[in-house]
Structure formats: structure tokens, C-alpha cells
$ cat target35.cif   # mmCIF, C-alpha atoms
data_start
loop_
_atom_site.label_atom_id
_atom_site.label_comp_id
_atom_site.auth_asym_id
_atom_site.auth_seq_id
_atom_site.Cartn_x
_atom_site.Cartn_y
_atom_site.Cartn_z
CA GLU A 1 106.77 112.62 101.59
CA VAL A 2 104.97 109.39 102.47
CA GLN A 3 101.81 110.02 104.49
CA LEU A 4 99.60 107.28 105.85
CA VAL A 5 96.54 108.06 107.96
CA GLU A 6 94.66 105.25 109.69
CA SER A 7 91.12 105.35 111.00
CA GLY A 8 88.38 103.00 112.15
CA GLY A 9 89.71 101.72 115.44
CA GLY A 10 87.68 101.56 118.63
CA LEU A 11 86.37 99.45 121.47
CA VAL A 12 84.62 96.23 120.53
CA GLN A 13 83.49 93.13 122.38
CA PRO A 14 85.06 89.74 121.69
CA GLY A 15 83.50 88.28 118.57
CA GLY A 16 82.81 91.69 117.13
CA SER A 17 84.05 93.34 113.95
CA LEU A 18 85.87 96.47 112.89
CA ARG A 19 87.02 97.83 109.57
CA LEU A 20 90.24 99.81 109.51
CA SER A 21 91.02 102.26 106.71
CA CYS A 22 94.26 103.90 105.64
CA GLU A 23 94.51 106.90 103.35
CA ALA A 24 97.81 107.13 101.48
CA SER A 25 99.53 110.08 99.85
CA GLY A 26 102.98 111.27 98.81
CA PHE A 27 103.94 108.22 96.75
CA ILE A 28 102.63 106.12 93.88
CA PHE A 29 100.32 103.91 95.90
CA SER A 30 99.55 101.46 93.11
CA PHE A 31 103.24 100.59 92.73
CA TYR A 32 103.69 99.22 96.24
CA GLU A 33 102.79 96.21 98.30
CA MET A 34 101.10 97.51 101.46
CA SER A 35 100.90 96.07 104.94
CA TRP A 36 99.21 96.27 108.29
CA VAL A 37 101.31 95.84 111.41
CA ARG A 38 100.28 96.10 115.06
CA GLN A 39 101.78 96.71 118.45
CA ALA A 40 100.17 95.26 121.53
CA PRO A 41 100.77 96.86 124.95
CA GLY A 42 104.30 96.14 126.09
CA LYS A 43 105.25 94.24 122.95
CA GLY A 44 107.09 94.92 119.71
CA LEU A 45 105.72 95.49 116.25
CA GLU A 46 104.02 92.47 114.72
CA TRP A 47 103.33 92.04 111.02
CA VAL A 48 99.64 91.24 110.44
CA SER A 49 98.90 91.22 106.73
CA SER A 50 100.11 92.39 103.32
CA ILE A 51 98.60 92.86 99.90
CA SER A 52 100.41 93.03 96.58
CA SER A 53 100.34 96.18 94.49
CA ARG A 54 97.53 94.99 92.21
CA ALA A 55 95.76 93.07 95.02
CA TRP A 56 96.43 89.78 93.27
CA ASP A 57 98.05 88.29 96.39
CA THR A 58 97.30 88.60 100.07
CA TYR A 59 99.26 87.36 103.05
CA TYR A 60 98.34 86.90 106.70
CA THR A 61 100.00 85.96 109.92
CA ASP A 62 98.64 82.65 111.19
CA SER A 63 96.79 84.13 114.15
CA VAL A 64 94.46 86.19 111.95
CA LYS A 65 93.92 83.85 109.00
CA GLY A 66 90.23 83.30 108.37
CA ARG A 67 89.26 86.30 110.51
CA PHE A 68 90.94 89.31 108.86
CA THR A 69 90.71 90.41 105.22
CA ILE A 70 93.05 92.95 103.66
CA SER A 71 91.99 94.90 100.59
CA ARG A 72 92.87 98.03 98.68
CA ASP A 73 91.44 100.56 96.25
CA ASN A 74 94.24 101.93 94.11
CA ALA A 75 92.03 104.56 92.49
CA LYS A 76 91.24 106.01 95.92
CA LYS A 77 94.70 105.29 97.37
CA MET A 78 93.07 103.45 100.25
CA LEU A 79 94.04 100.35 102.21
CA TYR A 80 91.58 98.42 104.36
CA LEU A 81 91.57 95.72 107.01
CA GLN A 82 88.29 94.00 107.78
CA MET A 83 88.57 92.32 111.15
CA ASN A 84 85.94 89.79 112.18
CA ASN A 85 85.58 87.53 115.21
CA LEU A 86 87.93 89.76 117.17
CA LYS A 87 89.71 88.32 120.19
CA THR A 88 91.14 90.02 123.26
CA GLU A 89 94.62 89.22 121.97
CA ASP A 90 93.94 91.41 118.93
CA THR A 91 94.07 94.47 121.18
CA ALA A 92 96.81 96.70 119.79
CA VAL A 93 97.61 99.86 117.92
CA TYR A 94 97.25 99.05 114.23
CA TYR A 95 99.44 100.74 111.67
CA CYS A 96 99.26 100.97 107.93
CA ALA A 97 102.79 100.56 106.57
CA LEU A 98 104.71 100.70 103.35
CA TYR A 99 106.90 97.79 104.43
CA ARG A 100 106.29 94.58 106.34
CA ASP A 101 108.78 95.55 109.05
CA GLY A 102 106.67 98.60 109.85
CA ASN A 103 108.96 101.16 108.32
CA SER A 104 107.13 104.15 106.85
CA ARG A 105 103.95 103.73 108.83
CA GLY A 106 101.16 106.04 109.95
CA GLN A 107 100.29 107.26 113.41
CA GLY A 108 98.15 104.22 114.14
CA THR A 109 94.64 103.55 115.33
CA GLN A 110 93.80 101.88 118.64
CA VAL A 111 91.81 98.65 118.60
CA THR A 112 90.61 97.42 121.98
CA VAL A 113 88.79 94.11 122.27
CA SER A 114 87.23 93.75 125.69
CA SER A 115 84.00 92.72 127.34
#

$ encode --input "target35.cif" --output "C-alpha cells"
Amino acid sequence: EVQLVESGGGLVQPGGSLRLSCEASGFIFSFYEMSWVRQAPGKGLEWVSSISSRAWDTYYTDSVKGRFTISRDNAKKMLYLQMNNLKTEDTAVYYCALYRDGNSRGQGTQVTVSS
């Protein structure tokens, strides 16, 4: 059974930083591309970023390019999202997911960017 557990969310002021973590289990982590998706209040799921299985390639939605960095540690079965220069529009629940459409995702971690 796929299990994904996110952590690291919180309340931060605009311009601040957070690092999200995701612990994976129940599947061969190193075989899969992994993604972060988010859901802002009252909106649908939005793909944020993906990383290839060996971390050779990374992908970002335009709104986070240059601010967010996705990474992974296959030995630890961990996925990360470093978020810098956060904006109020980044406020959302962030999910670690096995697929870019958000299927097979964790329970999420709340990120609130507010002054």
C-alpha cells in the first residue's frame, strides 16, 4: 500500500521560506517520478513540481520557477520541496503525490503565507 506522509508546513510571512518533506513507503520509491501538488482554498488541485526517479530532471509550474526547488533522497525514501520567497498566493495544502494529477497522494500539509 502506497503511503506518503508530508510535514514541514506552517505559517510564514511573505518573502519567507519553508521546506516540506515527504516520507514514502509501500512502493519502490526509486522507480518513480514524484510530484508535489497543492490545493488553495476554494480551488482545485494544481500541479507544482515533479522530479524524475533518479533526480536527473526537475519540472516546475511557471508560478514557482526560481523560487521552489524539488529534491529527493532515494536511500531515505524522502521527497522535499524547498520554498523560498513565498507569496500569499502560495497559500494552500501541499501534497506529495505519486502522479502529477495528484492521484496517490498523502494527507497534505498546510502552508499559509500571510503578514

$ resolve_selection --input "target35.cif" --expression "the PyMOL selection byres ((chain A and resi 18-30) around 8)" --output "ChimeraX atom specification"
/A:1-10,12,16-17,31-32,53-54,74,77-84,96

$ atom_distance --input "target35.cif" --atom1 "CA of Ile70 in chain A" --atom2 "CA of Thr91 in chain A"
17.6 Å

$ closest_residue --input "target35.cif" --among "A:Glu33, A:Lys76, A:Ala40, A:Val93" --to "Trp56 in chain A" --atoms "only C-alpha atoms"
A:Glu33

$ residues_around --input "target35.cif" --residues "Thr88 in chain A" --least-positions-apart "3" --cutoff "7 Å" --atoms "all atoms listed in the file" --output "PyMOL selection string"
chain A and resi 14+91+113-114

$ atom_distance --input "target35.cif" --atom1 "CA of Gly106 in chain A" --atom2 "CA of Ala92 in chain A"
14.2 Å

$ residues_around --input "target35.cif" --residues "Gly102 in chain A" --least-positions-apart "3" --cutoff "9 Å" --atoms "only C-alpha atoms" --output "VMD selection string"
chain A and resid 35 to 38 45 to 47 95 to 99 105

$ residues_near_point --input "target35.cif" --point "(90.9, 84.9, 102.8)" --cutoff "12 Å" --atoms "only C-alpha atoms" --output "PyMOL selection string"
chain A and resi 49-51+57-62+64-71+81-84

$ write_last_selection --input "target35.cif" --atoms "C-alpha atoms" --output "tab-separated table (two decimals), in the frame of the given file"
chain	number	residue	atom	x	y	z
A	49	SER	CA	98.90	91.22	106.73
A	50	SER	CA	100.11	92.39	103.32
A	51	ILE	CA	98.60	92.86	99.90
A	57	ASP	CA	98.05	88.29	96.39
A	58	THR	CA	97.30	88.60	100.07
A	59	TYR	CA	99.26	87.36	103.05
A	60	TYR	CA	98.34	86.90	106.70
A	61	THR	CA	100.00	85.96	109.92
A	62	ASP	CA	98.64	82.65	111.19
A	64	VAL	CA	94.46	86.19	111.95
A	65	LYS	CA	93.92	83.85	109.00
A	66	GLY	CA	90.23	83.30	108.37
A	67	ARG	CA	89.26	86.30	110.51
A	68	PHE	CA	90.94	89.31	108.86
A	69	THR	CA	90.71	90.41	105.22
A	70	ILE	CA	93.05	92.95	103.66
A	71	SER	CA	91.99	94.90	100.59
A	81	LEU	CA	91.57	95.72	107.01
A	82	GLN	CA	88.29	94.00	107.78
A	83	MET	CA	88.57	92.32	111.15
A	84	ASN	CA	85.94	89.79	112.18

$ closest_residue --input "target35.cif" --among "A:Ser52, A:Gln110, A:Asn85, A:Ser115" --to "Arg72 in chain A" --atoms "only C-alpha atoms"
A:Ser52

$ atom_distance --input "target35.cif" --atom1 "CA of Lys43 in chain A" --atom2 "CA of Val111 in chain A"
14.8 Å

$ decode --input "target35.cif" --residues "range 12-91 of chain A" --atoms "C-alpha atoms" --output "mmCIF file, in the first residue's frame"
data_model
loop_
_atom_site.group_PDB
_atom_site.id
_atom_site.type_symbol
_atom_site.label_atom_id
_atom_site.label_comp_id
_atom_site.auth_asym_id
_atom_site.auth_seq_id
_atom_site.Cartn_x
_atom_site.Cartn_y
_atom_site.Cartn_z
ATOM 1 C CA VAL A 12 5.185 32.227 7.233
ATOM 2 C CA GLN A 13 5.354 35.866 6.221
ATOM 3 C CA PRO A 14 5.611 36.879 2.567
ATOM 4 C CA GLY A 15 9.203 36.540 1.440
ATOM 5 C CA GLY A 16 9.877 33.769 3.908
ATOM 6 C CA SER A 17 10.915 30.169 3.367
ATOM 7 C CA LEU A 18 9.709 26.698 4.245
ATOM 8 C CA ARG A 19 10.977 23.223 3.495
ATOM 9 C CA LEU A 20 8.406 20.492 3.005
ATOM 10 C CA SER A 21 9.289 16.827 3.453
ATOM 11 C CA CYS A 22 7.512 13.663 2.375
ATOM 12 C CA GLU A 23 8.251 10.201 3.709
ATOM 13 C CA ALA A 24 7.328 7.406 1.305
ATOM 14 C CA SER A 25 6.648 3.736 1.923
ATOM 15 C CA GLY A 26 4.812 0.791 0.402
ATOM 16 C CA PHE A 27 6.349 1.004 -3.073
ATOM 17 C CA ILE A 28 9.756 1.108 -4.731
ATOM 18 C CA PHE A 29 10.380 4.817 -4.335
ATOM 19 C CA SER A 30 13.450 4.952 -6.560
ATOM 20 C CA PHE A 31 11.474 3.628 -9.532
ATOM 21 C CA TYR A 32 9.011 6.510 -9.691
ATOM 22 C CA GLU A 33 8.864 10.123 -10.715
ATOM 23 C CA MET A 34 7.443 12.041 -7.741
ATOM 24 C CA SER A 35 5.451 15.241 -7.581
ATOM 25 C CA TRP A 36 4.151 17.982 -5.361
ATOM 26 C CA VAL A 37 0.646 19.283 -5.943
ATOM 27 C CA ARG A 38 -1.315 21.878 -3.986
ATOM 28 C CA GLN A 39 -4.861 22.959 -3.367
ATOM 29 C CA ALA A 40 -5.626 26.545 -2.488
ATOM 30 C CA PRO A 41 -8.826 27.414 -0.591
ATOM 31 C CA GLY A 42 -11.821 27.014 -2.871
ATOM 32 C CA LYS A 43 -9.766 25.821 -5.831
ATOM 33 C CA GLY A 44 -8.862 22.527 -7.462
ATOM 34 C CA LEU A 45 -5.631 20.592 -7.319
ATOM 35 C CA GLU A 46 -2.699 22.300 -9.006
ATOM 36 C CA TRP A 47 0.485 20.547 -10.074
ATOM 37 C CA VAL A 48 3.531 22.339 -8.638
ATOM 38 C CA SER A 49 6.659 20.345 -9.379
ATOM 39 C CA SER A 50 7.995 16.907 -10.324
ATOM 40 C CA ILE A 51 11.311 15.125 -10.162
ATOM 41 C CA SER A 52 12.423 12.120 -12.169
ATOM 42 C CA SER A 53 13.200 8.827 -10.473
ATOM 43 C CA ARG A 54 16.967 9.403 -10.389
ATOM 44 C CA ALA A 55 16.611 13.178 -9.843
ATOM 45 C CA TRP A 56 18.182 13.870 -13.221
ATOM 46 C CA ASP A 57 15.246 16.060 -14.298
ATOM 47 C CA THR A 58 13.063 18.514 -12.454
ATOM 48 C CA TYR A 59 9.944 20.313 -13.595
ATOM 49 C CA TYR A 60 8.078 23.320 -12.226
ATOM 50 C CA THR A 61 4.913 25.205 -12.898
ATOM 51 C CA ASP A 62 5.701 28.709 -14.110
ATOM 52 C CA SER A 63 4.482 30.466 -10.979
ATOM 53 C CA VAL A 64 7.103 28.801 -8.762
ATOM 54 C CA LYS A 65 10.108 28.677 -11.089
ATOM 55 C CA GLY A 66 13.143 30.272 -9.482
ATOM 56 C CA ARG A 67 11.554 30.145 -6.024
ATOM 57 C CA PHE A 68 10.894 26.447 -5.335
ATOM 58 C CA THR A 69 13.364 23.557 -5.537
ATOM 59 C CA ILE A 70 12.308 19.912 -5.572
ATOM 60 C CA SER A 71 14.732 17.212 -4.469
ATOM 61 C CA ARG A 72 14.761 13.621 -3.306
ATOM 62 C CA ASP A 73 16.834 11.121 -1.357
ATOM 63 C CA ASN A 74 16.165 7.654 -2.713
ATOM 64 C CA ALA A 75 18.158 5.947 0.032
ATOM 65 C CA LYS A 76 15.904 7.534 2.660
ATOM 66 C CA LYS A 77 12.749 7.371 0.522
ATOM 67 C CA MET A 78 12.230 11.080 1.057
ATOM 68 C CA LEU A 79 10.926 13.853 -1.189
ATOM 69 C CA TYR A 80 11.493 17.533 -0.450
ATOM 70 C CA LEU A 81 10.270 20.924 -1.591
ATOM 71 C CA GLN A 82 12.312 23.967 -0.639
ATOM 72 C CA MET A 83 10.129 27.032 -0.975
ATOM 73 C CA ASN A 84 11.752 30.467 -0.930
ATOM 74 C CA ASN A 85 10.377 33.970 -1.412
ATOM 75 C CA LEU A 86 6.901 32.736 -0.568
ATOM 76 C CA LYS A 87 3.922 34.764 -1.735
ATOM 77 C CA THR A 88 0.391 34.983 -0.374
ATOM 78 C CA GLU A 89 -0.826 33.130 -3.455
ATOM 79 C CA ASP A 90 1.270 30.121 -2.403
ATOM 80 C CA THR A 91 -1.140 29.541 0.479
#
